[in-house]
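**Student:** File run-v9.pdb below, PDB, C-alpha atoms and all ligand atoms:
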ATOM      1  CA  MET A  23       0.000   0.000   0.000
ATOM      2  CA  LYS A  24       2.808   2.388   0.932
ATOM      3  CA  TYR A  25       4.645   1.532  -2.272
ATOM      4  CA  LEU A  26       1.578   2.038  -4.383
ATOM      5  CA  LEU A  27       1.246   5.573  -3.037
ATOM      6  CA  LEU A  28       4.934   6.244  -3.652
ATOM      7  CA  ILE A  29       4.759   4.952  -7.211
ATOM      8  CA  THR A  30       1.678   7.067  -7.867
ATOM      9  CA  ILE A  31       3.436  10.194  -6.601
ATOM     10  CA  ILE A  32       6.527   9.502  -8.710
ATOM     11  CA  TYR A  33       4.331   8.844 -11.740
ATOM     12  CA  ILE A  34       2.441  12.128 -11.366
ATOM     13  CA  ASN A  35       5.693  14.045 -10.964
ATOM     14  CA  LEU A  36       7.344  12.479 -13.972
ATOM     15  CA  ASN A  37       4.242  12.996 -16.027
ATOM     16  CA  GLY A  38       4.145  16.707 -15.221
ATOM     17  CA  ALA A  39       7.828  17.157 -15.985
ATOM     18  CA  TYR A  40       7.405  15.239 -19.213
ATOM     19  CA  SER A  41       4.616  17.444 -20.574
ATOM     20  CA  GLU A  42       6.620  20.515 -19.616
ATOM     21  CA  LEU A  43       9.524  19.127 -21.638
ATOM     22  CA  LEU A  44       7.229  18.468 -24.573
ATOM     23  CA  PHE A  45       5.972  22.037 -24.511
ATOM     24  CA  ASN A  46       9.436  23.544 -24.084
ATOM     25  CA  GLY A  47      10.879  21.345 -26.811
ATOM     26  CA  ASN A  48       8.192  21.846 -29.411
ATOM     27  CA  CYS A  49       6.196  25.005 -28.891
ATOM     28  CA  ILE A  50       8.235  27.589 -27.028
ATOM     29  CA  THR A  51      10.483  28.386 -30.011
ATOM     30  CA  CYS A  52       7.475  30.200 -31.459
ATOM     31  CA  HIS A  53       5.201  30.682 -28.428
ATOM     32  CA  LYS A  54       7.401  32.502 -25.982
ATOM     33  CA  THR A  55       6.277  33.940 -22.654
ATOM     34  CA  ASN A  56       7.310  37.445 -23.631
ATOM     35  CA  ASN A  57       6.449  39.659 -26.559
ATOM     36  CA  LEU A  58       9.950  39.820 -27.979
ATOM     37  CA  ASN A  59       9.176  37.162 -30.523
ATOM     38  CA  LYS A  60       7.284  38.667 -33.400
ATOM     39  CA  SER A  61       6.579  35.418 -35.225
ATOM     40  CA  ALA A  62       3.709  34.036 -33.114
ATOM     41  CA  PRO A  63       1.377  34.964 -30.234
ATOM     42  CA  THR A  64       2.703  34.409 -26.697
ATOM     43  CA  ILE A  65       1.596  31.306 -24.852
ATOM     44  CA  GLN A  66      -0.282  33.504 -22.344
ATOM     45  CA  GLU A  67      -2.350  35.030 -25.155
ATOM     46  CA  ILE A  68      -3.252  31.558 -26.417
ATOM     47  CA  GLN A  69      -4.032  30.235 -22.934
ATOM     48  CA  LYS A  70      -6.294  33.207 -22.205
ATOM     49  CA  GLU A  71      -8.179  33.019 -25.498
ATOM     50  CA  TYR A  72      -8.735  29.273 -25.179
ATOM     51  CA  LYS A  73      -9.759  29.461 -21.514
ATOM     52  CA  ASN A  74     -12.317  32.109 -22.404
ATOM     53  CA  ALA A  75     -13.799  29.833 -25.029
ATOM     54  CA  PHE A  76     -13.364  26.589 -23.037
ATOM     55  CA  PRO A  77     -13.299  27.057 -19.246
ATOM     56  CA  ASN A  78     -13.711  23.288 -18.951
ATOM     57  CA  LYS A  79     -10.336  21.520 -19.093
ATOM     58  CA  GLU A  80     -11.530  18.532 -21.097
ATOM     59  CA  GLU A  81     -13.018  20.726 -23.828
ATOM     60  CA  PHE A  82      -9.966  22.987 -23.831
ATOM     61  CA  VAL A  83      -7.619  20.021 -24.275
ATOM     62  CA  SER A  84      -9.797  18.365 -26.879
ATOM     63  CA  TYR A  85     -10.224  21.472 -29.047
ATOM     64  CA  MET A  86      -6.641  22.640 -28.784
ATOM     65  CA  SER A  87      -5.037  19.258 -29.501
ATOM     66  CA  ARG A  88      -7.249  18.722 -32.536
ATOM     67  CA  TRP A  89      -6.604  22.201 -33.838
ATOM     68  CA  VAL A  90      -2.814  21.850 -33.542
ATOM     69  CA  LEU A  91      -3.046  18.445 -35.197
ATOM     70  CA  ASN A  92      -4.652  20.123 -38.164
ATOM     71  CA  PRO A  93      -4.361  23.935 -38.120
ATOM     72  CA  LYS A  94      -7.087  25.566 -40.200
ATOM     73  CA  GLU A  95      -8.210  29.142 -40.490
ATOM     74  CA  LYS A  96     -11.851  28.080 -40.439
ATOM     75  CA  THR A  97     -11.628  26.466 -36.979
ATOM     76  CA  SER A  98      -9.241  29.037 -35.484
ATOM     77  CA  LEU A  99     -10.174  30.923 -32.313
ATOM     78  CA  MET A 100      -7.602  33.574 -33.122
ATOM     79  CA  GLN A 101      -8.408  34.866 -36.605
ATOM     80  CA  ASP A 102      -6.722  38.192 -35.885
ATOM     81  CA  LYS A 103      -3.460  36.358 -35.134
ATOM     82  CA  ILE A 104      -3.620  34.514 -38.427
ATOM     83  CA  GLU A 105      -3.995  37.822 -40.211
ATOM     84  CA  PHE A 106      -1.021  39.170 -38.324
ATOM     85  CA  TYR A 107       1.373  36.173 -38.281
ATOM     86  CA  GLY A 108      -0.003  33.815 -40.924
ATOM     87  CA  LEU A 109      -1.482  30.388 -40.156
ATOM     88  CA  MET A 110       0.501  28.152 -37.814
ATOM     89  CA  PRO A 111       2.323  25.377 -39.705
ATOM     90  CA  ASP A 112       1.242  21.747 -39.402
ATOM     91  CA  LEU A 113       3.829  20.190 -37.077
ATOM     92  CA  ALA A 114       2.817  16.563 -37.653
ATOM     93  CA  TYR A 115       2.666  15.444 -34.019
ATOM     94  CA  ASP A 116       0.452  12.622 -32.819
ATOM     95  CA  GLU A 117      -2.754  13.484 -31.014
ATOM     96  CA  ASN A 118      -1.767  11.976 -27.649
ATOM     97  CA  THR A 119       1.378  14.071 -27.449
ATOM     98  CA  LEU A 120      -0.652  17.148 -28.320
ATOM     99  CA  LYS A 121      -3.189  16.320 -25.601
ATOM    100  CA  GLU A 122      -0.413  16.163 -23.008
ATOM    101  CA  ILE A 123       0.901  19.516 -24.198
ATOM    102  CA  ALA A 124      -2.593  21.058 -24.146
ATOM    103  CA  GLU A 125      -3.124  19.805 -20.559
ATOM    104  CA  TYR A 126       0.124  21.437 -19.585
ATOM    105  CA  ILE A 127      -0.926  24.699 -21.254
ATOM    106  CA  PHE A 128      -4.229  24.615 -19.346
ATOM    107  CA  ASP A 129      -2.631  23.895 -15.955
ATOM    108  CA  ASN A 130       0.537  25.927 -16.058
ATOM    109  CA  ASN A 131       0.852  29.463 -14.772
ATOM    110  CA  PHE A 132       3.036  31.123 -17.418
ATOM    111  CA  LYS A 133       4.832  34.249 -16.301
TER     112      LYS A 133
HETATM  113  C1  LIG B 201       6.930  27.595 -36.314
HETATM  114  C2  LIG B 201       6.259  28.358 -35.273
HETATM  115  C3  LIG B 201       5.236  27.644 -34.409
HETATM  116  C4  LIG B 201       5.425  26.526 -33.635
HETATM  117  C5  LIG B 201       6.663  25.642 -33.501
HETATM  118  C6  LIG B 201       4.186  26.337 -32.898
HETATM  119  N1  LIG B 201       3.272  27.301 -33.244
HETATM  120 FE1  LIG B 201       1.384  27.515 -32.520
HETATM  121  N2  LIG B 201       1.076  29.144 -33.698
HETATM  122  C7  LIG B 201       2.028  29.718 -34.532
HETATM  123  C8  LIG B 201       1.457  30.922 -35.142
HETATM  124  C9  LIG B 201       2.168  31.844 -36.126
HETATM  125  C10 LIG B 201       0.154  31.069 -34.612
HETATM  126  C11 LIG B 201      -0.846  32.227 -34.873
HETATM  127  C12 LIG B 201      -1.671  32.008 -36.099
HETATM  128  C13 LIG B 201      -2.703  30.935 -35.943
HETATM  129  O1  LIG B 201      -3.543  30.983 -34.998
HETATM  130  O2  LIG B 201      -2.672  30.023 -36.767
HETATM  131  C14 LIG B 201      -0.059  29.923 -33.729
HETATM  132  C15 LIG B 201      -1.233  29.686 -33.035
HETATM  133  C16 LIG B 201      -1.426  28.659 -32.130
HETATM  134  C17 LIG B 201      -2.674  28.399 -31.455
HETATM  135  C18 LIG B 201      -3.967  29.211 -31.617
HETATM  136  C19 LIG B 201      -4.811  28.495 -32.633
HETATM  137  C20 LIG B 201      -6.014  29.252 -33.123
HETATM  138  O3  LIG B 201      -7.108  29.023 -32.581
HETATM  139  O4  LIG B 201      -5.846  30.054 -34.070
HETATM  140  C21 LIG B 201      -2.476  27.310 -30.652
HETATM  141  C22 LIG B 201      -3.481  26.637 -29.755
HETATM  142  C23 LIG B 201      -1.097  26.897 -30.834
HETATM  143  N3  LIG B 201      -0.477  27.732 -31.745
HETATM  144  C24 LIG B 201      -0.516  25.844 -30.170
HETATM  145  C25 LIG B 201       0.783  25.390 -30.404
HETATM  146  C26 LIG B 201       1.377  24.246 -29.729
HETATM  147  C27 LIG B 201       0.676  23.409 -28.672
HETATM  148  C28 LIG B 201       2.639  24.101 -30.232
HETATM  149  C29 LIG B 201       3.654  23.027 -29.895
HETATM  150  C30 LIG B 201       3.229  21.668 -30.113
HETATM  151  C31 LIG B 201       2.834  25.144 -31.226
HETATM  152  N4  LIG B 201       1.698  25.908 -31.288
HETATM  153  C32 LIG B 201       3.993  25.321 -31.970
HETATM  154  C33 LIG B 201       3.307  29.243 -34.764
HETATM  155  C34 LIG B 201       3.879  28.117 -34.172
END
Would you encode the structure as structure tokens?

**Tutor:**
Amino acid sequence: MKYLLLITIIYINLNGAYSELLFNGNCITCHKTNNLNKSAPTIQEIQKEYKNAFPNKEEFVSYMSRWVLNPKEKTSLMQDKIEFYGLMPDLAYDENTLKEIAEYIFDNNFK
């Protein structure tokens, strides 16, 4: 019983660190936390826009991961950003990876 709890705690920790790595490795090059990068909206802007549209985490994660899987102007929540930066490129990730990243974007407090 003790070990089960320990393993669960380790699992949750690793899982959190892993999704942070996924985000930092794949998204932060374009979606920085400051406005110095003029090639894409900041991650805070995206988080805010998506949380406004989907306060529920499940819906947030579902919509965001599907959108990133297949970026399209028609289904975008940020039309003004497309006009400004152009449509985000298709990065060809699998949906499960994108779900983990979207969960991280929902949960994390970006500064
Ligand atoms: C090569 C640069 C680049 C990379 C890498 C990138 N993005 Fe983007 N992304 C953009 C640009 C530019 C926009 C703004 C235009 C748009 O919305 O399509 C954008 C917009 C978005 C949006 C808003 C979509 C909407 O509703 O319009 C989401 C969500 C998003 N990115 C998530 C991600 C995630 C998650 C990753 C990492 C897996 C990622 N992006 C990696 C360039 C990038």

**Student:** Of the candidates A:Leu99, A:Leu44, A:Leu109, A:Ile50, which shows the shortest atom-to-atom distance to Ile68 in chain A, using only C-alpha atoms?

**Tutor:**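 Answer, going by the shortest atom-to-atom distance: A:Leu99.
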
**Student:** As a quick test: using all atoms listed in the file, which residues lie no more than 8 Å away from ligand LIG 201 (chain B)? Give them as a ChimeraX atom specification.

**Tutor:** /A:44-45,48-53,61-63,65,68-69,72,86-87,89-90,93-95,97-111,113,115,120,123-124,127

**Student:** Would you work out the distance separating CA of Asn74 in chain A from CA of Ala39 in chain A, expressed in Å to one decimal?

**Tutor:** 25.9 Å

**Student:** Taking all atoms of range 87-103 of chain A that the file lists, what box with edges along x, y and z, padded by 3 Å per side, do you get, with centre and edge lengths in Å to one decimal, as JSON?

**Tutor:**
{"center_x": -7.3, "center_y": 28.3, "center_z": -35.0, "size_x": 15.0, "size_y": 25.7, "size_z": 17.0}

**Student:** Quick one: distance from CA of Leu58 in chain A to CA of Lys70 in chain A in Å, one decimal?

**Tutor:**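 Computing it gives 18.5 Å between the two atoms.
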
**Student:** Skipping near chain neighbours, those fewer than 4 positions away, what residues fall within 9 Å of Gln66 in chain A using all atoms listed in the file, listed as a PDB file with C-alpha atoms, keeping the file's coordinate frame?

**Tutor:**
ATOM      1  CA  HIS A  53       5.201  30.682 -28.428  1.00  0.00           C
ATOM      2  CA  LYS A  54       7.401  32.502 -25.982  1.00  0.00           C
ATOM      3  CA  THR A  55       6.277  33.940 -22.654  1.00  0.00           C
ATOM      4  CA  ASN A  56       7.310  37.445 -23.631  1.00  0.00           C
ATOM      5  CA  LYS A  70      -6.294  33.207 -22.205  1.00  0.00           C
ATOM      6  CA  GLU A  71      -8.179  33.019 -25.498  1.00  0.00           C
ATOM      7  CA  ILE A 127      -0.926  24.699 -21.254  1.00  0.00           C
ATOM      8  CA  ASN A 131       0.852  29.463 -14.772  1.00  0.00           C
ATOM      9  CA  PHE A 132       3.036  31.123 -17.418  1.00  0.00           C
ATOM     10  CA  LYS A 133       4.832  34.249 -16.301  1.00  0.00           C
TER      11      LYS A 133
END

**Student:** Env of Glu122 in chain A: 10 Å cut, atoms = all atoms listed in the file, seq-sep filter 6 positions within chain, self excluded. Answer as a PyMOL selection string.

**Tutor:** chain A and resi 37-38+40-42+44-45+83+87+128

**Student:** Mind giving me the straight-line distance from CA of Lys121 in chain A to CA of Lys96 in chain A in Å, one decimal?

**Tutor:**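 Value for the CA of Lys121 in chain A-CA of Lys96 in chain A distance: 20.8 Å.
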